[in-house]
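Asker: Sharing protein_5.txt here; it has compact mmCIF, C-alpha atoms.
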```txt
# COMPACT_ATOMS: atom_id res chain seq x y z
CA MET A 185 -134.02 -79.85 -113.74
CA LYS A 186 -131.54 -78.09 -115.99
CA ALA A 187 -129.27 -75.66 -114.19
CA ASP A 188 -129.83 -72.85 -116.68
CA ARG A 189 -133.59 -73.24 -116.25
CA LEU A 190 -133.10 -72.97 -112.51
CA GLY A 191 -130.95 -69.89 -113.06
CA GLU A 192 -133.69 -68.36 -115.14
CA ALA A 193 -136.22 -69.14 -112.40
CA TYR A 194 -133.95 -67.50 -109.86
CA GLY A 195 -133.60 -64.41 -112.04
CA GLU A 196 -137.36 -64.18 -112.43
CA ALA A 197 -137.96 -64.70 -108.72
CA LEU A 198 -135.49 -61.98 -107.91
CA GLY A 199 -136.88 -59.51 -110.42
CA ALA A 200 -135.08 -56.42 -111.63
CA PRO A 201 -132.81 -54.41 -109.37
CA PRO A 202 -134.43 -51.36 -107.79
CA ASP A 203 -133.80 -48.05 -109.48
CA GLY A 204 -130.99 -46.10 -108.02
CA ALA A 205 -129.17 -42.88 -108.43
CA PRO A 206 -126.87 -42.78 -111.47
CA ALA A 207 -123.68 -44.64 -110.75
CA PHE A 208 -121.64 -41.71 -111.86
CA ARG A 209 -123.08 -38.73 -110.11
CA PRO A 210 -121.55 -35.36 -111.02
CA ALA A 211 -120.01 -35.08 -107.56
CA LEU A 212 -118.36 -38.42 -108.07
CA VAL A 213 -117.04 -37.39 -111.48
CA ARG A 214 -115.57 -34.28 -109.91
CA ALA A 215 -114.07 -36.35 -107.09
CA ILE A 216 -112.56 -38.68 -109.63
CA ALA A 217 -111.18 -35.81 -111.67
CA ARG A 218 -109.64 -34.41 -108.49
CA ASP A 219 -108.22 -37.82 -107.76
CA ALA A 220 -106.72 -37.97 -111.25
CA ALA A 221 -105.15 -34.53 -110.84
CA ARG A 222 -103.77 -35.50 -107.45
CA ARG A 223 -102.28 -38.66 -108.90
CA ARG A 224 -100.71 -36.71 -111.75
CA ARG A 225 -99.22 -34.19 -109.30
CA ALA A 226 -97.94 -37.01 -107.11
CA ARG A 227 -96.30 -38.66 -110.12
CA TRP A 228 -94.63 -35.42 -111.19
CA ALA A 229 -93.46 -34.69 -107.66
CA LEU A 230 -92.03 -38.16 -107.34
CA ALA A 231 -90.26 -37.93 -110.70
CA GLY A 232 -88.90 -34.47 -109.88
CA GLY A 233 -87.70 -35.55 -106.44
CA LEU A 234 -85.99 -38.60 -107.84
CA GLY A 235 -84.35 -36.53 -110.56
CA LEU A 236 -83.04 -33.95 -108.10
CA ALA A 237 -81.78 -36.60 -105.70
CA THR A 238 -80.02 -38.44 -108.52
CA ALA A 239 -78.40 -35.25 -109.81
CA ALA A 240 -77.21 -34.24 -106.35
CA ALA A 241 -75.82 -37.70 -105.63
CA THR A 242 -74.03 -37.72 -108.99
CA LEU A 243 -72.44 -34.31 -108.32
CA VAL A 244 -71.21 -35.36 -104.89
CA MET A 245 -69.83 -38.63 -106.26
CA LEU A 246 -68.09 -36.94 -109.19
CA ASP A 247 -66.49 -34.40 -106.91
CA PHE A 248 -65.34 -37.07 -104.49
CA LEU A 249 -63.85 -39.08 -107.35
CA TRP A 250 -62.11 -35.95 -108.65
CA MET A 251 -60.55 -35.32 -105.26
CA THR A 252 -59.44 -38.89 -104.71
CA ARG A 253 -58.28 -39.66 -108.26
CA PRO A 254 -54.69 -40.82 -108.87
CA HIS A 255 -52.15 -38.01 -109.01
CA SER A 256 -52.74 -36.42 -112.32
CA ARG A 257 -52.57 -32.81 -111.25
CA PRO A 258 -49.47 -30.73 -111.99
CA GLY A 259 -46.87 -30.60 -109.24
CA VAL A 260 -48.13 -33.68 -107.35
CA GLU A 261 -45.73 -36.60 -107.05
CA PRO A 262 -47.10 -40.11 -107.62
CA ARG A 263 -48.07 -41.64 -104.33
CA PRO A 264 -46.12 -44.70 -103.24
CA PRO A 265 -48.13 -47.87 -102.71
CA ALA A 266 -49.75 -47.91 -99.30
CA PRO A 267 -47.97 -50.12 -96.76
CA ARG A 268 -49.86 -52.64 -94.67
CA ALA A 269 -52.17 -51.06 -92.16
CA SER A 270 -50.64 -52.96 -89.26
CA ALA A 271 -47.15 -51.47 -89.80
CA PRO A 272 -46.75 -47.89 -88.58
CA ARG A 273 -44.89 -45.81 -91.11
CA ASP A 274 -42.11 -43.28 -90.78
CA HIS A 275 -43.16 -39.96 -92.22
CA GLY A 276 -40.17 -37.67 -92.59
CA ALA A 277 -37.65 -36.43 -90.07
CA ILE A 278 -39.95 -36.24 -87.09
CA GLY A 279 -41.48 -39.59 -87.97
CA THR A 280 -45.09 -39.22 -86.87
CA ALA A 281 -46.98 -42.47 -87.44
CA VAL A 282 -50.24 -42.04 -89.29
CA SER A 283 -52.60 -44.97 -89.55
CA ASP A 284 -54.52 -45.70 -92.71
CA ASP A 285 -57.75 -44.76 -90.94
CA GLU A 286 -56.41 -41.39 -90.03
CA GLU A 287 -55.14 -40.88 -93.53
CA ALA A 288 -58.49 -41.81 -94.95
CA ALA A 289 -60.15 -39.42 -92.53
CA LEU A 290 -57.85 -36.66 -93.71
CA LEU A 291 -58.54 -37.35 -97.34
CA LEU A 292 -62.22 -37.33 -96.58
CA ALA A 293 -61.83 -34.10 -94.67
CA ALA A 294 -59.99 -32.66 -97.66
CA ALA A 295 -62.86 -33.76 -99.89
CA ILE A 296 -65.36 -32.11 -97.59
CA VAL A 297 -63.24 -28.98 -97.49
CA ARG A 298 -63.12 -29.06 -101.22
CA LEU A 299 -66.90 -29.40 -101.36
CA GLU A 300 -67.39 -26.53 -99.02
CA GLY A 301 -64.86 -24.59 -100.95
CA LEU A 302 -66.89 -24.90 -104.12
CA GLY A 303 -68.98 -21.99 -102.94
CA ASP A 304 -66.15 -20.16 -101.25
CA PRO A 305 -62.64 -21.33 -102.30
CA GLU A 306 -60.87 -19.16 -99.78
CA ALA A 307 -62.89 -20.62 -96.91
CA GLY A 308 -62.07 -24.08 -98.24
CA ARG A 309 -58.35 -23.35 -98.22
CA GLU A 310 -58.59 -21.95 -94.75
CA ARG A 311 -60.18 -25.17 -93.56
CA LEU A 312 -57.49 -27.17 -95.27
CA ARG A 313 -54.79 -25.03 -93.62
CA LEU A 314 -56.33 -25.89 -90.26
CA VAL A 315 -56.17 -29.57 -91.13
CA LEU A 316 -52.50 -29.17 -92.09
CA ARG A 317 -51.75 -27.35 -88.87
CA ASP A 318 -53.14 -30.23 -86.83
CA HIS A 319 -51.34 -32.91 -88.90
CA PRO A 320 -48.12 -31.28 -90.11
CA HIS A 321 -46.05 -34.46 -90.44
CA SER A 322 -48.38 -36.97 -92.03
CA ALA A 323 -48.02 -38.11 -95.60
CA ALA A 324 -51.64 -37.26 -96.18
CA ALA A 325 -51.11 -33.79 -94.80
CA ARG A 326 -48.13 -33.27 -97.09
CA GLU A 327 -50.12 -34.52 -100.01
CA ALA A 328 -52.99 -32.20 -99.12
CA ALA A 329 -50.49 -29.34 -98.91
CA ALA A 330 -49.17 -30.20 -102.36
CA ARG A 331 -52.72 -30.22 -103.68
CA LEU A 332 -53.37 -26.91 -102.04
CA ASP A 333 -50.29 -25.51 -103.72
CA GLY A 334 -51.42 -27.02 -106.99
CA ASP A 335 -54.85 -25.41 -106.59
CA SER A 336 -53.26 -22.08 -105.73
CA SER A 337 -50.90 -22.23 -108.70
CA GLY A 338 -53.88 -23.22 -110.87
CA ASP A 339 -55.81 -20.26 -109.55
CA ARG A 340 -52.88 -18.00 -110.26
CA ARG A 341 -52.71 -19.30 -113.78
CA MET B 198 -110.10 -49.23 -132.56
CA THR B 199 -113.71 -49.56 -131.40
CA ASP B 200 -115.52 -46.73 -129.66
CA GLU B 201 -115.26 -48.55 -126.38
CA ALA B 202 -111.55 -49.24 -126.79
CA ALA B 203 -110.99 -45.57 -127.58
CA ARG B 204 -112.97 -44.54 -124.50
CA VAL B 205 -111.03 -47.00 -122.35
CA GLU B 206 -107.77 -45.58 -123.66
CA ARG B 207 -108.89 -42.02 -122.93
CA ALA B 208 -110.04 -43.05 -119.46
CA ARG B 209 -106.73 -44.78 -118.84
CA ARG B 210 -105.03 -41.47 -119.55
CA GLY B 211 -107.16 -39.80 -116.87
CA ASP B 212 -110.20 -38.60 -118.84
CA ALA B 213 -113.00 -38.83 -116.25
CA ALA B 214 -115.66 -37.92 -118.82
CA ALA B 215 -114.67 -40.90 -120.97
CA PHE B 216 -114.89 -43.10 -117.92
CA ALA B 217 -118.33 -41.70 -117.08
CA GLU B 218 -119.48 -42.74 -120.57
CA LEU B 219 -118.09 -46.24 -120.01
CA ALA B 220 -119.78 -46.43 -116.62
CA GLU B 221 -123.10 -45.41 -118.11
CA ALA B 222 -122.77 -48.01 -120.86
CA HIS B 223 -122.05 -50.86 -118.42
CA ARG B 224 -124.07 -49.66 -115.50
CA ASP B 225 -127.17 -51.82 -115.95
CA ARG B 226 -125.24 -55.04 -116.17
CA VAL B 227 -122.97 -54.26 -113.24
CA ARG B 228 -125.97 -53.25 -111.14
CA ARG B 229 -127.89 -56.38 -112.09
CA VAL B 230 -124.98 -58.67 -111.24
CA LEU B 231 -124.43 -56.91 -107.92
CA PHE B 232 -128.14 -57.24 -107.16
CA ARG B 233 -128.17 -60.94 -108.02
CA LEU B 234 -125.00 -61.64 -106.09
CA ALA B 235 -125.41 -59.41 -103.05
CA GLY B 236 -129.06 -58.36 -102.88
CA ALA B 237 -130.68 -54.94 -102.84
CA GLU B 238 -129.20 -53.75 -99.58
CA ALA B 239 -126.65 -50.98 -100.11
CA LEU B 240 -126.86 -51.64 -103.85
CA ASP B 241 -126.20 -47.99 -104.77
CA ASP B 242 -123.12 -47.95 -102.57
CA HIS B 243 -121.79 -51.16 -104.06
CA GLU B 244 -122.36 -49.90 -107.57
CA GLN B 245 -120.55 -46.65 -106.91
CA GLU B 246 -117.70 -48.42 -105.16
CA VAL B 247 -117.30 -50.76 -108.12
CA PHE B 248 -116.88 -47.84 -110.52
CA VAL B 249 -114.53 -45.96 -108.22
CA ALA B 250 -112.46 -49.12 -107.76
CA ALA B 251 -112.50 -49.62 -111.53
CA TRP B 252 -111.29 -46.06 -112.09
CA ARG B 253 -108.45 -46.59 -109.66
CA ALA B 254 -107.53 -49.95 -111.17
CA LEU B 255 -107.76 -48.66 -114.73
CA PRO B 256 -104.01 -47.96 -115.15
CA ALA B 257 -103.40 -51.68 -114.53
CA TYR B 258 -106.02 -52.75 -117.09
CA ARG B 259 -104.18 -53.88 -120.22
CA GLY B 260 -107.16 -55.02 -122.25
CA GLU B 261 -106.44 -58.76 -121.88
CA ALA B 262 -110.12 -59.31 -121.03
CA ALA B 263 -113.16 -57.37 -122.20
CA PHE B 264 -113.84 -54.18 -120.29
CA SER B 265 -117.16 -55.64 -119.10
CA THR B 266 -115.26 -58.62 -117.67
CA PHE B 267 -112.89 -56.23 -115.91
CA LEU B 268 -115.87 -54.46 -114.31
CA LEU B 269 -117.66 -57.70 -113.44
CA ARG B 270 -114.53 -59.03 -111.79
CA ILE B 271 -114.47 -56.03 -109.46
CA ALA B 272 -118.22 -56.34 -108.88
CA ALA B 273 -118.02 -60.07 -108.11
CA ARG B 274 -115.14 -59.55 -105.69
CA ARG B 275 -117.01 -56.80 -103.89
CA ALA B 276 -120.25 -58.79 -103.76
CA ARG B 277 -118.49 -61.86 -102.43
CA ARG B 278 -116.81 -59.81 -99.73
CA TRP B 279 -120.16 -58.32 -98.81
CA ILE B 280 -122.09 -61.59 -98.59
CA SER B 281 -119.21 -63.27 -96.76
CA ARG B 282 -119.58 -60.71 -93.99
CA ARG B 283 -123.32 -61.23 -93.71
CA ARG B 284 -124.94 -64.26 -92.23
CA ARG B 285 -126.44 -66.50 -94.87
CA PRO B 286 -130.04 -67.65 -94.29
CA ALA B 287 -130.33 -71.23 -93.16
CA PRO B 288 -131.85 -73.53 -95.79
CA ASN B 289 -135.14 -73.78 -93.89
CA GLU B 290 -135.25 -70.16 -92.72
CA PRO B 291 -138.06 -67.98 -94.09
CA LEU B 292 -136.94 -65.17 -96.36
CA ASP B 293 -138.10 -62.45 -93.95
CA GLY B 294 -140.76 -60.97 -96.17
CA ARG B 295 -138.80 -61.33 -99.36
CA ALA B 296 -140.84 -64.29 -100.61
CA ASP B 297 -141.96 -63.76 -104.11
CA ALA B 298 -143.44 -60.29 -104.08
CA ARG B 299 -144.38 -60.75 -107.70
CA ALA B 300 -146.93 -63.47 -106.92
CA GLY B 301 -149.44 -60.90 -105.59
CA PRO B 302 -152.61 -61.64 -103.71
CA ASP B 303 -154.22 -63.42 -106.68
CA GLY B 304 -151.04 -65.04 -107.84
CA ASP B 305 -150.42 -68.70 -108.10
CA ALA B 306 -149.52 -69.73 -104.54
CA ALA B 307 -147.62 -72.79 -105.64
CA ARG B 308 -145.57 -70.72 -108.07
CA GLY B 309 -144.83 -68.22 -105.34
CA GLU B 310 -143.67 -70.94 -103.00
CA ARG B 311 -141.53 -72.45 -105.67
CA ALA B 312 -139.91 -69.09 -106.47
CA ALA B 313 -139.26 -68.50 -102.78
CA ALA B 314 -137.70 -71.93 -102.45
CA VAL B 315 -135.42 -71.27 -105.42
CA ARG B 316 -134.33 -67.92 -104.01
CA LEU B 317 -133.67 -69.38 -100.61
CA ALA B 318 -131.72 -72.28 -102.06
CA VAL B 319 -129.50 -70.05 -104.21
CA GLU B 320 -128.98 -67.44 -101.51
CA SER B 321 -128.01 -70.10 -98.99
CA LEU B 322 -125.11 -71.26 -101.14
CA ARG B 323 -121.56 -70.48 -100.07
CA PRO B 324 -120.44 -67.16 -101.62
CA ALA B 325 -118.07 -68.81 -104.10
CA LEU B 326 -120.72 -71.30 -105.26
CA ARG B 327 -123.37 -68.62 -105.48
CA ALA B 328 -121.13 -66.35 -107.54
CA ALA B 329 -120.27 -69.15 -109.97
CA PHE B 330 -123.92 -70.23 -110.25
CA VAL B 331 -125.26 -66.72 -110.81
CA LEU B 332 -122.62 -65.77 -113.39
CA ARG B 333 -122.94 -69.04 -115.32
CA TYR B 334 -126.63 -69.89 -115.15
CA VAL B 335 -128.38 -66.62 -114.36
CA GLU B 336 -126.18 -64.19 -116.30
CA GLY B 337 -125.44 -66.79 -118.95
CA LEU B 338 -121.69 -66.19 -119.15
CA ASP B 339 -119.57 -68.98 -120.63
CA GLY B 340 -117.17 -70.93 -118.43
CA LYS B 341 -114.08 -69.07 -119.61
CA THR B 342 -115.60 -65.67 -118.83
CA VAL B 343 -116.83 -66.87 -115.45
CA ALA B 344 -113.27 -68.01 -114.72
CA GLU B 345 -111.92 -64.58 -115.72
CA VAL B 346 -114.50 -62.76 -113.63
CA LEU B 347 -113.84 -64.91 -110.58
CA GLY B 348 -110.08 -64.90 -111.16
CA ARG B 349 -109.92 -68.69 -110.94
CA PRO B 350 -108.91 -71.44 -113.35
CA GLU B 351 -111.64 -72.90 -115.52
CA GLY B 352 -111.25 -76.29 -113.85
CA THR B 353 -111.93 -74.72 -110.48
CA VAL B 354 -115.00 -73.00 -111.86
CA ARG B 355 -116.28 -76.34 -113.18
CA SER B 356 -115.80 -77.79 -109.69
CA LEU B 357 -117.63 -74.84 -108.12
CA LEU B 358 -120.52 -75.26 -110.53
CA PHE B 359 -120.69 -78.98 -109.86
CA ALA B 360 -120.75 -78.34 -106.11
CA ALA B 361 -123.43 -75.65 -106.56
CA ARG B 362 -125.64 -77.99 -108.59
CA ARG B 363 -125.22 -80.76 -106.04
CA GLU B 364 -126.08 -78.41 -103.18
CA LEU B 365 -129.11 -77.04 -104.99
CA SER B 366 -130.28 -80.55 -105.81
CA ARG B 367 -130.11 -81.41 -102.14
CA ARG B 368 -131.97 -78.30 -101.06
CA LEU B 369 -134.67 -78.36 -103.71
CA GLY B 370 -135.21 -82.08 -103.53
CA GLU B 371 -134.72 -82.59 -107.27
CA GLU B 372 -131.67 -83.19 -109.35
CA VAL B 373 -130.13 -80.12 -110.96
CA ILE B 374 -128.12 -81.09 -114.03
CA GLU B 375 -125.77 -79.21 -116.37
```
Would you encode the structure as structure tokens?
Answerer:
Amino acid sequence: MKADRLGEAYGEALGAPPDGAPAFRPALVRAIARDAARRRRARWALAGGLGLATAAATLVMLDFLWMTRPHSRPGVEPRPPAPRASAPRDHGAIGTAVSDDEEAALLLAAAIVRLEGLGDPEAGRERLRLVLRDHPHSAAAREAAARLDGDSSGDRR
Amino acid sequence: MTDEAARVERARRGDAAAFAELAEAHRDRVRRVLFRLAGAEALDDHEQEVFVAAWRALPAYRGEAAFSTFLLRIAARRARRWISRRRRPAPNEPLDGRADARAGPDGDAARGERAAAVRLAVESLRPALRAAFVLRYVEGLDGKTVAEVLGRPEGTVRSLLFAARRELSRRLGEEVIE
């Protein structure tokens, strides 16, 4: 027996499918339209969230880079190359040793202060003065002080 | 661009009315294939689920295959999942009252028995064999389209059809050839 003949016999034996409700009932169409709207909203929300997050991350990164850039601001001396981390350094007459980690922490603190100071420069300077008070003899502290002076002179200009 | 292609494009952009038109145009075929693959039980639910699944999958549809093939692929997958979960009738098990209703009280008894035997034989096939057999020999799709609908290579479909014919030959007691 030919297979297509058998298929035909099977189709005949089975008959036509029973009648049913329309596949696309109005309620379903509405549900689908709602689904489409929800998907569109979700896409827009996702795109907006990603855009905002990217913009915020870019701003923070740019500000951090600005604060940690090589000494191009007026009144700031070029920084000598950093010595090896294992060798404590002599910083001025009193000679307080400041490790690289501590220095990095100070620079980071300065960056944070700077960030906070974006909204309120005076509060930022106050925070930086506190940092300087706690670390008066470190190279990083001196550098931060010089930057503070530079900022102040810039403000005055 | 054909009317259907334009409707598909509108539906892809979220136009539910365009999709409703497409669903109406393809409804009979989808329903018939679902009926032949999975039976009458829960047919309305299957049909609706196929169109909802199609709507959701529409953004991924790039028009590589015909829209009808896209719908049939979803229908075949759903039907196979459904019949895989149900117990298939044993080859010698009566069809619990489903035996040829069309024969009628005055109908040809031998014809009715034959029709019942054919139904039982086809419905006892493994889901993959049954799907290939129904799409190729009952729906009359060509091998390439059957392969697209089942999401399998053409060579695999040929093997499935060969296995289906062999199985049907065994069950019906006569050779079923291509």
Asker: What is the distance between atom CA of A:Asp188 and atom CA of B:Tyr334, in Å to one decimal?
Answerer: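 Going from atom CA of A:Asp188 over to atom CA of B:Tyr334, I get 4.6 Å.
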Asker: When you get a sec, could you note down which chain A residues fall within 6 Å of chain B, using only C-alpha atoms, as JSON, numbers by chain?
Answerer: {"A": [185, 186, 187, 188, 191, 192, 194, 197, 201, 207, 217, 220]}
Asker: Could you check how far atom CA of B:Arg270 sits from atom CA of B:Val346, in Å to one decimal?
Answerer: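 Separating atom CA of B:Arg270 from atom CA of B:Val346 is a distance of 4.2 Å.
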Asker: Work out how far atom CA of B:Leu268 is from atom CA of B:Ala251, in Å to one decimal.
Answerer: 6.5 Å
Asker: Would you place a box with edges along x, y and z of the file around all atoms of stretch 308-314 of chain B listed there, add 6 Å to each of its six sides, and report the centre and edge lengths in Å to one decimal, as lines of an AutoDock Vina configuration file?
Answerer:
```
center_x = -141.6
center_y = -70.3
center_z = -105.3
size_x = 19.9
size_y = 16.2
size_z = 17.6
```
